[in-house]
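Novice: Provided herewith is a single structure, encoded as structure tokens, for subsequent inquiry.
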Amino acid sequence: MKRRSFLTAVAGAAVLAACGEDTSGTSATAITLGFSAWPGWFPWQVAQEQGLFAKNGVTVELKYFDSYTDSLNALATGNLTCNSQTLNDTLSSVSGGSKQTIVLLNDNSTGNDQIIAAPGIRTVADLKGKKVAAEQGTVDHYLLLLALEKAGLTEKDVTFTPLLTDAAAAAFVAGQVDAVGVFAPFTTTALARAGSTAISTSKDFPGAIPDALPFQSQFVKDHPDEVQKVVQTWFDTTAWIKANPAAAVSIMAKKGGVSDEDYKSYDAGTTIFTKEQNIEAFTPGTDATHLDFQAGRIAEFLVSTKLVETKPPLDGLFEPKFVKAVR
């Protein structure tokens, strides 16, 4: 499984809006919604299994991606209507010419992205001269760079080893690298190495890794009612999860391929946003709680590290009216 790359920037976005005959009282416009392995996105599986999309009168086909990068490409090339992805990746795609509109903030990573180090390495500064693995371009690579910068180091001060996230975790456990940047559930894999510990996490950088739901911009303009129903379904789902925690955990853990107990351990590391937190995040501001502020910082980072050629335009990227209209 691969999640949360901020390298993909695919130009040219087309709307995928499959239409069919409405025989059930739901919308005739079908939405294809992509998601992949991340605790903040598994609630979509709950929505499907509990029939909450249908209850809101919207036809949604969930498409699960083992490769997160594939989901980014699918949205950027018009083969998804919307996708669960990070703000970083959305900015990368927008920089490449894709027209996307964020209508919902699912969560912030508050600890489930981690830099995990071998015994004897107690701080990020101790990584100097060490071999560190992460998936090239993922937000865990981004987290590594943020952590190094905070410690007065750069990527040149370590031997960076680019590996897919699952392979990076396995290499760390096997002792082939000294540290690794991974996200849950691969944090569980990496921490199986005796004496290992997380020396930096996304909790150290509040708001740095927001996870959102961007739609094809044209679809938002043409089908606002359907978009509203999807956003409403998200909040209905989080309410159902709160009322039925054990059943919800079982559904999400099964999709993630981990035990219920392991899944519960991820709870504090992913902060699912309420309607009020969404509205605050969508409101322009000058600190880490606001999407426009984070987008500006991430955009500068992407350009300065040459991950994108030009700073992505932010005009029209955030559309708060859907979360504001949630019942």
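Labels for the structure tokens follow display order: chains A, B, ..., residues from 1 in each chain, ligands from 1.
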Mind the document's chain letters and residue numbers, and return as a ChimeraX atom specification the residues of range 30-207 of chain A that DSSP labels alpha helix (DSSP H).
Specialist: /A:43-49,52-55,68-76,87-95,139-150,165-173,186-190
Novice: Would you mind listing what lies within 7 Å of range 163-178 of chain A as a short mmCIF file (atom, residue, chain, number, x, y, z; two decimals) with N, CA and C atoms, in the first residue's frame, with only C-alpha atoms counted and same-chain residues fewer than 2 positions away left out?
Specialist:
data_model
loop_
_atom_site.label_atom_id
_atom_site.label_comp_id
_atom_site.auth_asym_id
_atom_site.auth_seq_id
_atom_site.Cartn_x
_atom_site.Cartn_y
_atom_site.Cartn_z
N MET A 1 0.84 -1.19 0.00
CA MET A 1 0.00 0.00 0.00
C MET A 1 0.88 1.25 0.00
N LYS A 2 0.49 2.26 -0.78
CA LYS A 2 1.23 3.50 -0.82
C LYS A 2 0.28 4.66 -0.57
N ALA A 117 13.31 5.30 14.61
CA ALA A 117 14.76 5.07 14.59
C ALA A 117 15.16 3.85 15.39
N ALA A 118 16.33 3.34 15.05
CA ALA A 118 16.88 2.16 15.71
C ALA A 118 17.38 2.51 17.11
N LYS A 130 23.47 8.87 9.13
CA LYS A 130 22.76 7.59 9.18
C LYS A 130 21.99 7.34 7.88
N LYS A 131 21.60 6.09 7.71
CA LYS A 131 20.84 5.67 6.54
C LYS A 131 19.35 5.71 6.88
N VAL A 132 18.60 6.52 6.14
CA VAL A 132 17.18 6.73 6.44
C VAL A 132 16.34 6.40 5.21
N ALA A 133 15.33 5.56 5.39
CA ALA A 133 14.45 5.16 4.28
C ALA A 133 13.08 5.81 4.40
N ALA A 134 12.52 6.12 3.26
CA ALA A 134 11.13 6.59 3.16
C ALA A 134 10.74 6.48 1.70
N GLU A 135 9.45 6.53 1.45
CA GLU A 135 9.02 6.51 0.05
C GLU A 135 9.20 7.89 -0.55
N GLN A 136 9.97 7.96 -1.62
CA GLN A 136 10.28 9.23 -2.29
C GLN A 136 9.00 9.99 -2.60
N THR A 161 17.46 6.77 1.54
CA THR A 161 17.23 5.55 0.77
C THR A 161 15.77 5.48 0.35
N VAL A 180 13.40 5.16 9.55
CA VAL A 180 12.43 5.05 8.48
C VAL A 180 11.29 6.03 8.71
N VAL A 182 7.39 6.42 7.99
CA VAL A 182 6.24 5.61 7.61
C VAL A 182 4.95 6.16 8.21
N PHE A 186 1.82 1.06 8.80
CA PHE A 186 3.19 0.57 8.70
C PHE A 186 4.06 0.99 9.87
N THR A 189 4.38 -2.07 11.91
CA THR A 189 5.42 -2.97 11.37
C THR A 189 6.80 -2.51 11.82
N ALA A 190 7.10 -1.23 11.63
CA ALA A 190 8.43 -0.72 11.94
C ALA A 190 8.77 -0.83 13.42
N ALA A 192 8.05 -3.00 15.39
CA ALA A 192 8.32 -4.38 15.80
C ALA A 192 9.81 -4.63 15.97
N ARG A 193 10.65 -3.74 15.44
CA ARG A 193 12.10 -3.86 15.65
C ARG A 193 12.40 -3.56 17.12
#
Novice: Could you give me, as an MDAnalysis selection string, each residue of range 59-206 of chain A that DSSP assigns to strand (DSSP E or B) when run on this structure's backbone?
Specialist: chainID A and resid 59:65 67 82:83 85:86 100:109 113:117 131:134 138 159:162 179:183 197:201
Novice: Which residue out of A:Thr188, A:Thr233, A:Gln85, A:Ser196 has the minimum interatomic distance to Ser259 in chain A when only C-alpha atoms are used?
Specialist: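 Smallest separation from Ser259 in chain A among the options: A:Thr188.
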Novice: Write out as a ChimeraX atom specification each polymer residue whose atoms come within 8 Å of range 139-148 of chain A, counting only C-alpha atoms; drop sequence neighbours fewer than 2 positions from it.
Specialist: /A:4-6,88,113-115,124-125,134-137,150-155,181-183,200-202,209
Novice: Identify which of the residues A:His223, A:Lys99, A:Lys63, A:Lys264 lies closest to Ala37 in chain A, counting only C-alpha atoms when measuring atom-to-atom distances.
Specialist: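 Among the listed residues, the smallest separation from Ala37 in chain A belongs to A:Lys63.
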Novice: Select from range 207-243 of chain A every residue with an atom at most 12 Å from any atom of range 315-319 of chain A, then for each give the shortest pair of atoms and their distance in Å to one decimal, using only C-alpha atoms, rows by chain and rising number, as JSON lines.
Specialist:
{"residue": "A:Ala212", "atom": "CA", "partner": "A:Phe318", "partner_atom": "CA", "distance": 10.3}
{"residue": "A:Leu213", "atom": "CA", "partner": "A:Phe318", "partner_atom": "CA", "distance": 10.4}
{"residue": "A:Pro214", "atom": "CA", "partner": "A:Leu317", "partner_atom": "CA", "distance": 8.6}
{"residue": "A:Phe215", "atom": "CA", "partner": "A:Leu317", "partner_atom": "CA", "distance": 10.0}
{"residue": "A:Gln216", "atom": "CA", "partner": "A:Leu317", "partner_atom": "CA", "distance": 10.6}
{"residue": "A:Ser217", "atom": "CA", "partner": "A:Leu317", "partner_atom": "CA", "distance": 8.6}
{"residue": "A:Gln218", "atom": "CA", "partner": "A:Gly316", "partner_atom": "CA", "distance": 11.6}
{"residue": "A:Val220", "atom": "CA", "partner": "A:Glu319", "partner_atom": "CA", "distance": 9.3}
{"residue": "A:Lys221", "atom": "CA", "partner": "A:Glu319", "partner_atom": "CA", "distance": 10.9}
{"residue": "A:Pro224", "atom": "CA", "partner": "A:Glu319", "partner_atom": "CA", "distance": 11.0}
{"residue": "A:Val227", "atom": "CA", "partner": "A:Glu319", "partner_atom": "CA", "distance": 11.0}
{"residue": "A:Gln228", "atom": "CA", "partner": "A:Glu319", "partner_atom": "CA", "distance": 11.3}
{"residue": "A:Val231", "atom": "CA", "partner": "A:Glu319", "partner_atom": "CA", "distance": 11.8}
Novice: With N, CA, C and O atoms retained, export the selected residues as an mmCIF file, in the first residue's frame.
Specialist:
data_model
loop_
_atom_site.group_PDB
_atom_site.id
_atom_site.type_symbol
_atom_site.label_atom_id
_atom_site.label_comp_id
_atom_site.auth_asym_id
_atom_site.auth_seq_id
_atom_site.Cartn_x
_atom_site.Cartn_y
_atom_site.Cartn_z
ATOM 1 N N ALA A 212 -7.764 15.669 2.710
ATOM 2 C CA ALA A 212 -8.961 16.325 2.199
ATOM 3 C C ALA A 212 -9.651 15.514 1.113
ATOM 4 O O ALA A 212 -9.150 14.474 0.684
ATOM 5 N N LEU A 213 -10.800 16.013 0.678
ATOM 6 C CA LEU A 213 -11.544 15.419 -0.429
ATOM 7 C C LEU A 213 -11.686 16.454 -1.540
ATOM 8 O O LEU A 213 -12.595 17.281 -1.518
ATOM 9 N N PRO A 214 -10.800 16.433 -2.525
ATOM 10 C CA PRO A 214 -10.969 17.289 -3.694
ATOM 11 C C PRO A 214 -11.791 16.591 -4.775
ATOM 12 O O PRO A 214 -11.640 15.387 -5.005
ATOM 13 N N PHE A 215 -12.653 17.360 -5.425
ATOM 14 C CA PHE A 215 -13.432 16.921 -6.582
ATOM 15 C C PHE A 215 -12.836 17.542 -7.835
ATOM 16 O O PHE A 215 -12.135 18.559 -7.767
ATOM 17 N N GLN A 216 -13.182 16.962 -8.973
ATOM 18 C CA GLN A 216 -12.956 17.664 -10.227
ATOM 19 C C GLN A 216 -13.728 18.986 -10.166
ATOM 20 O O GLN A 216 -14.916 19.008 -9.857
ATOM 21 N N SER A 217 -13.056 20.089 -10.438
ATOM 22 C CA SER A 217 -13.694 21.406 -10.284
ATOM 23 C C SER A 217 -14.949 21.554 -11.132
ATOM 24 O O SER A 217 -15.959 22.128 -10.685
ATOM 25 N N GLN A 218 -14.922 21.040 -12.354
ATOM 26 C CA GLN A 218 -16.094 21.163 -13.219
ATOM 27 C C GLN A 218 -17.279 20.403 -12.663
ATOM 28 O O GLN A 218 -18.432 20.847 -12.778
ATOM 29 N N VAL A 220 -17.961 19.992 -9.512
ATOM 30 C CA VAL A 220 -18.511 20.808 -8.426
ATOM 31 C C VAL A 220 -19.441 21.879 -8.992
ATOM 32 O O VAL A 220 -20.515 22.150 -8.439
ATOM 33 N N LYS A 221 -19.051 22.479 -10.118
ATOM 34 C CA LYS A 221 -19.880 23.511 -10.745
ATOM 35 C C LYS A 221 -21.166 22.929 -11.327
ATOM 36 O O LYS A 221 -22.240 23.525 -11.221
ATOM 37 N N PRO A 224 -23.589 20.493 -7.894
ATOM 38 C CA PRO A 224 -23.408 20.863 -6.481
ATOM 39 C C PRO A 224 -24.281 20.052 -5.530
ATOM 40 O O PRO A 224 -23.876 19.793 -4.392
ATOM 41 N N VAL A 227 -22.484 16.816 -4.752
ATOM 42 C CA VAL A 227 -21.341 17.079 -3.875
ATOM 43 C C VAL A 227 -21.820 17.276 -2.440
ATOM 44 O O VAL A 227 -21.247 16.738 -1.492
ATOM 45 N N GLN A 228 -22.905 18.036 -2.289
ATOM 46 C CA GLN A 228 -23.454 18.278 -0.956
ATOM 47 C C GLN A 228 -23.848 16.970 -0.269
ATOM 48 O O GLN A 228 -23.607 16.777 0.936
ATOM 49 N N VAL A 231 -20.734 15.164 1.035
ATOM 50 C CA VAL A 231 -20.225 15.823 2.236
ATOM 51 C C VAL A 231 -21.132 15.521 3.424
ATOM 52 O O VAL A 231 -20.651 15.223 4.536
#
Novice: Between A:Asp211, A:Asp225, A:Asp107, A:Asp204, which has the minimum distance to Thr59 in chain A (counting only C-alpha atoms)?
Specialist: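 Using only C-alpha atoms, the shortest distance to Thr59 in chain A belongs to A:Asp225.
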Novice: Tell me, in Å to one decimal, how far CA of Asp262 in chain A is from CA of Lys242 in chain A.
Specialist: 18.2 Å
Novice: Which residue, A:Gln294, A:Ser250, A:Ser92, A:Thr274, has the smallest gap to Glu49 in chain A when you use only C-alpha atoms?
Specialist: A:Ser250
